[in-house]
$ cat query_36.pdb   # PDB, C-alpha atoms
ATOM      1  CA  MET A 118       0.000   0.000   0.000  1.00  0.00           C
ATOM      2  CA  PRO A 119       1.514   3.370  -0.995  1.00  0.00           C
ATOM      3  CA  HIS A 120       2.363   5.735   1.860  1.00  0.00           C
ATOM      4  CA  CYS A 121      -0.387   8.217   0.892  1.00  0.00           C
ATOM      5  CA  LYS A 122      -3.109   5.580   1.265  1.00  0.00           C
ATOM      6  CA  LYS A 123      -1.845   4.608   4.713  1.00  0.00           C
ATOM      7  CA  GLN A 124      -1.938   8.237   5.866  1.00  0.00           C
ATOM      8  CA  ASN A 125      -5.433   8.791   4.477  1.00  0.00           C
ATOM      9  CA  LEU A 126      -6.660   5.621   6.166  1.00  0.00           C
ATOM     10  CA  PHE A 127      -5.353   6.985   9.476  1.00  0.00           C
ATOM     11  CA  LEU A 128      -7.113  10.317   8.902  1.00  0.00           C
ATOM     12  CA  TYR A 129     -10.336   8.563   7.886  1.00  0.00           C
ATOM     13  CA  ARG A 130     -10.314   6.333  10.967  1.00  0.00           C
ATOM     14  CA  SER A 131      -9.575   9.294  13.221  1.00  0.00           C
ATOM     15  CA  ILE A 132     -12.551  11.231  11.882  1.00  0.00           C
ATOM     16  CA  GLU A 133     -14.769   8.157  12.156  1.00  0.00           C
ATOM     17  CA  TYR A 134     -13.676   7.647  15.769  1.00  0.00           C
ATOM     18  CA  LEU A 135     -14.524  11.253  16.584  1.00  0.00           C
ATOM     19  CA  ARG A 136     -17.930  10.879  14.935  1.00  0.00           C
ATOM     20  CA  ARG A 137     -18.725   7.786  17.036  1.00  0.00           C
ATOM     21  CA  THR A 138     -17.412   9.039  20.368  1.00  0.00           C
ATOM     22  CA  SER A 139     -18.276  12.741  20.362  1.00  0.00           C
ATOM     23  CA  THR A 140     -20.638  15.265  18.944  1.00  0.00           C
ATOM     24  CA  ILE A 141     -18.497  16.332  16.017  1.00  0.00           C
ATOM     25  CA  THR A 142     -20.583  18.324  13.566  1.00  0.00           C
ATOM     26  CA  ALA A 143     -19.994  20.418  10.481  1.00  0.00           C
ATOM     27  CA  ASP A 144     -20.230  23.495  12.703  1.00  0.00           C
ATOM     28  CA  THR A 145     -17.600  22.096  15.095  1.00  0.00           C
ATOM     29  CA  ILE A 146     -15.168  21.494  12.245  1.00  0.00           C
ATOM     30  CA  LEU A 147     -16.021  24.814  10.593  1.00  0.00           C
ATOM     31  CA  SER A 148     -15.383  26.709  13.841  1.00  0.00           C
ATOM     32  CA  VAL A 149     -11.772  25.500  13.747  1.00  0.00           C
ATOM     33  CA  ILE A 150     -11.277  26.118  10.026  1.00  0.00           C
ATOM     34  CA  THR A 151     -12.681  29.642  10.145  1.00  0.00           C
ATOM     35  CA  GLU A 152     -10.023  30.722  12.623  1.00  0.00           C
ATOM     36  CA  SER A 153      -7.671  30.813   9.638  1.00  0.00           C
ATOM     37  CA  PRO A 154      -7.551  34.004   7.561  1.00  0.00           C
ATOM     38  CA  ILE A 155      -7.220  31.960   4.363  1.00  0.00           C
ATOM     39  CA  PHE A 156     -10.937  31.091   4.525  1.00  0.00           C
ATOM     40  CA  PRO A 157     -12.841  34.397   4.460  1.00  0.00           C
ATOM     41  CA  ALA A 158     -16.432  34.621   5.705  1.00  0.00           C
ATOM     42  CA  ALA A 159     -17.795  34.633   2.148  1.00  0.00           C
ATOM     43  CA  ARG A 160     -16.640  31.000   1.790  1.00  0.00           C
ATOM     44  CA  HIS A 161     -17.914  29.665   5.124  1.00  0.00           C
ATOM     45  CA  ALA A 162     -21.314  28.541   3.794  1.00  0.00           C
ATOM     46  CA  LEU A 163     -19.674  26.492   1.038  1.00  0.00           C
ATOM     47  CA  LEU A 164     -17.176  24.996   3.472  1.00  0.00           C
ATOM     48  CA  ARG A 165     -19.972  24.037   5.857  1.00  0.00           C
ATOM     49  CA  GLU A 166     -21.949  22.451   3.018  1.00  0.00           C
ATOM     50  CA  GLY A 167     -18.926  20.427   1.898  1.00  0.00           C
ATOM     51  CA  ILE A 168     -18.108  19.309   5.435  1.00  0.00           C
ATOM     52  CA  GLN A 169     -21.721  18.286   6.038  1.00  0.00           C
ATOM     53  CA  ALA A 170     -21.735  16.330   2.773  1.00  0.00           C
ATOM     54  CA  HIS A 171     -18.648  14.448   3.963  1.00  0.00           C
ATOM     55  CA  LEU A 172     -20.204  13.696   7.351  1.00  0.00           C
ATOM     56  CA  ASP A 173     -23.366  12.500   5.575  1.00  0.00           C
ATOM     57  CA  GLY A 174     -21.326  10.155   3.385  1.00  0.00           C
ATOM     58  CA  ASP A 175     -21.949  12.118   0.171  1.00  0.00           C
ATOM     59  CA  HIS A 176     -18.290  12.038  -0.795  1.00  0.00           C
ATOM     60  CA  THR A 177     -18.799  13.067  -4.414  1.00  0.00           C
ATOM     61  CA  LYS A 178     -20.477  16.283  -3.326  1.00  0.00           C
ATOM     62  CA  ALA A 179     -17.920  16.814  -0.561  1.00  0.00           C
ATOM     63  CA  ILE A 180     -14.995  16.548  -2.983  1.00  0.00           C
ATOM     64  CA  HIS A 181     -16.587  18.873  -5.524  1.00  0.00           C
ATOM     65  CA  VAL A 182     -17.262  21.498  -2.857  1.00  0.00           C
ATOM     66  CA  ILE A 183     -14.259  21.217  -0.533  1.00  0.00           C
ATOM     67  CA  ILE A 184     -11.366  20.772  -3.000  1.00  0.00           C
ATOM     68  CA  PRO A 185     -11.956  24.105  -4.792  1.00  0.00           C
ATOM     69  CA  GLN A 186     -12.207  25.789  -1.375  1.00  0.00           C
ATOM     70  CA  ILE A 187      -8.841  24.345  -0.370  1.00  0.00           C
ATOM     71  CA  GLU A 188      -7.324  25.522  -3.651  1.00  0.00           C
ATOM     72  CA  GLN A 189      -8.758  29.017  -3.167  1.00  0.00           C
ATOM     73  CA  GLY A 190      -7.572  29.035   0.448  1.00  0.00           C
ATOM     74  CA  LEU A 191      -4.052  28.211  -0.697  1.00  0.00           C
ATOM     75  CA  ARG A 192      -4.258  31.060  -3.223  1.00  0.00           C
ATOM     76  CA  GLU A 193      -5.350  33.328  -0.383  1.00  0.00           C
ATOM     77  CA  LEU A 194      -2.261  32.220   1.545  1.00  0.00           C
ATOM     78  CA  LEU A 195      -0.118  33.206  -1.440  1.00  0.00           C
ATOM     79  CA  THR A 196      -1.845  36.589  -1.514  1.00  0.00           C
ATOM     80  CA  LEU A 197      -1.271  37.117   2.213  1.00  0.00           C
ATOM     81  CA  THR A 198       2.439  36.404   1.705  1.00  0.00           C
ATOM     82  CA  GLY A 199       2.709  38.763  -1.267  1.00  0.00           C
ATOM     83  CA  THR A 200       3.189  35.939  -3.780  1.00  0.00           C
ATOM     84  CA  ALA A 201       1.499  36.010  -7.190  1.00  0.00           C
ATOM     85  CA  ILE A 202      -1.555  33.776  -7.666  1.00  0.00           C
ATOM     86  CA  LEU A 203      -1.398  33.987 -11.459  1.00  0.00           C
ATOM     87  CA  LYS A 204       1.005  32.368 -13.889  1.00  0.00           C
ATOM     88  CA  THR A 205       1.556  32.579 -17.614  1.00  0.00           C
ATOM     89  CA  GLY A 206      -0.117  29.677 -19.388  1.00  0.00           C
ATOM     90  CA  ARG A 207       1.056  27.814 -22.471  1.00  0.00           C
ATOM     91  CA  ASN A 208      -0.869  30.157 -24.763  1.00  0.00           C
ATOM     92  CA  GLY A 209       0.673  33.275 -23.182  1.00  0.00           C
ATOM     93  CA  MET A 210      -2.486  34.182 -21.267  1.00  0.00           C
ATOM     94  CA  THR A 211      -2.467  34.418 -17.481  1.00  0.00           C
ATOM     95  CA  GLN A 212      -4.282  31.823 -15.427  1.00  0.00           C
ATOM     96  CA  TYR A 213      -4.664  30.963 -11.756  1.00  0.00           C
ATOM     97  CA  LYS A 214      -2.025  28.732 -10.218  1.00  0.00           C
ATOM     98  CA  ASN A 215      -3.402  25.274  -9.418  1.00  0.00           C
ATOM     99  CA  HIS A 216      -2.709  23.028  -6.410  1.00  0.00           C
ATOM    100  CA  ASN A 217       0.464  21.675  -7.945  1.00  0.00           C
ATOM    101  CA  ASP A 218       1.855  25.135  -8.703  1.00  0.00           C
ATOM    102  CA  ILE A 219       0.880  26.570  -5.320  1.00  0.00           C
ATOM    103  CA  LEU A 220       2.221  23.696  -3.252  1.00  0.00           C
ATOM    104  CA  ARG A 221       5.601  23.939  -4.983  1.00  0.00           C
ATOM    105  CA  GLU A 222       6.045  27.609  -4.050  1.00  0.00           C
ATOM    106  CA  PRO A 223       8.916  28.107  -1.564  1.00  0.00           C
ATOM    107  CA  ILE A 224       6.763  30.400   0.602  1.00  0.00           C
ATOM    108  CA  ILE A 225       4.235  27.570   1.071  1.00  0.00           C
ATOM    109  CA  LYS A 226       6.956  25.339   2.495  1.00  0.00           C
ATOM    110  CA  THR A 227       7.864  28.127   4.892  1.00  0.00           C
ATOM    111  CA  SER A 228       4.234  28.890   5.786  1.00  0.00           C
ATOM    112  CA  LEU A 229       2.870  25.357   6.168  1.00  0.00           C
ATOM    113  CA  GLY A 230       6.002  23.435   7.024  1.00  0.00           C
ATOM    114  CA  ASP A 231       7.330  20.663   4.846  1.00  0.00           C
ATOM    115  CA  ASP A 232       5.235  17.844   6.363  1.00  0.00           C
ATOM    116  CA  LEU A 233       1.856  19.499   5.720  1.00  0.00           C
ATOM    117  CA  ARG A 234       2.968  20.812   2.331  1.00  0.00           C
ATOM    118  CA  LEU A 235       4.085  17.342   1.217  1.00  0.00           C
ATOM    119  CA  TYR A 236       0.910  15.737   2.571  1.00  0.00           C
ATOM    120  CA  LEU A 237      -1.265  18.182   0.630  1.00  0.00           C
ATOM    121  CA  LEU A 238       0.873  17.847  -2.488  1.00  0.00           C
ATOM    122  CA  THR A 239       0.640  14.060  -2.333  1.00  0.00           C
ATOM    123  CA  PHE A 240      -3.067  14.011  -1.563  1.00  0.00           C
ATOM    124  CA  LEU A 241      -4.162  16.723  -3.994  1.00  0.00           C
ATOM    125  CA  ALA A 242      -1.698  16.795  -6.882  1.00  0.00           C
ATOM    126  CA  ASP A 243       0.533  13.701  -7.064  1.00  0.00           C
ATOM    127  CA  GLU A 244      -0.453  11.310  -9.865  1.00  0.00           C
ATOM    128  CA  ARG A 245       0.857   8.374  -7.805  1.00  0.00           C
ATOM    129  CA  CYS A 246      -1.833   8.897  -5.164  1.00  0.00           C
ATOM    130  CA  HIS A 247      -5.317  10.427  -5.155  1.00  0.00           C
ATOM    131  CA  ASN A 248      -4.485  13.430  -7.356  1.00  0.00           C
ATOM    132  CA  LEU A 249      -7.774  15.137  -6.544  1.00  0.00           C
TER     133      LEU A 249
END
$ encode --input "query_36.pdb" --output "structure tokens"
Amino acid sequence: MPHCKKQNLFLYRSIEYLRRTSTITADTILSVITESPIFPAARHALLREGIQAHLDGDHTKAIHVIIPQIEQGLRELLTLTGTAILKTGRNGMTQYKNHNDILREPIIKTSLGDDLRLYLLTFLADERCHNL
């Protein structure tokens, strides 16, 4: 089993344990997430909807709601650090940096630490794992 699948299994089991033994809700999770400045209030409703979808077992909806919010949050982190969120595309036009681009920025390593940065890179953008 690749390393990324082992880590995700641990995370999954941890969340499931919390769901069985406590009153973890979308609002509980959201209250922690919204302490971060990378998720502005305008995105809280979408985050809550995605979290609730995950807790309800609607993983397709959860992925389609939460992953873009993570990507936008990472762009917000770049903005807060004064790093560009746009890049020049193959056709010469500018486009937003994606997960892969963002997570390879040196400032992200400094901001998140290498462990979290590598976890997110593996989980979200590495073709050998989930590549969400």
$ residues_near_point --input "query_36.pdb" --point "(-2.2, 26.9, -2.3)" --cutoff "9 Å" --atoms "all atoms listed in the file" --output "ChimeraX atom specification"
/A:187-195,202,214-222,225
$ atom_distance --input "query_36.pdb" --atom1 "CA of Pro154 in chain A" --atom2 "CA of Phe127 in chain A"
27.2 Å
$ axis_aligned_box --input "query_36.pdb" --around "range 209-225 of chain A" --padding-each-side "5 Å" --output "JSON"
{"center_x": 2.1, "center_y": 28.0, "center_z": -11.1, "size_x": 23.6, "size_y": 22.7, "size_z": 34.3}
$ resolve_selection --input "query_36.pdb" --expression "the PyMOL selection byres ((chain A and resi 186) around 12)" --output "ChimeraX atom specification"
/A:150,155-157,159-168,179-185,187-193,215-216
$ atom_distance --input "query_36.pdb" --atom1 "CA of Thr239 in chain A" --atom2 "CA of Tyr129 in chain A"
16.0 Å
$ closest_residue --input "query_36.pdb" --among "A:His171, A:Arg207, A:Thr196, A:Leu233" --to "Arg136 in chain A" --atoms "only C-alpha atoms"
A:His171
$ resolve_selection --input "query_36.pdb" --expression "the PyMOL selection byres ((chain A and resi 140-144) around 8)" --output "PyMOL selection string"
chain A and resi 135-139+145-148+165-166+168-169+172
$ closest_residue --input "query_36.pdb" --among "A:Ile224, A:Leu237, A:Asp175, A:Glu152" --to "Leu197 in chain A" --atoms "only C-alpha atoms"
A:Ile224
$ atom_distance --input "query_36.pdb" --atom1 "CA of Leu235 in chain A" --atom2 "CA of Thr151 in chain A"
22.6 Å
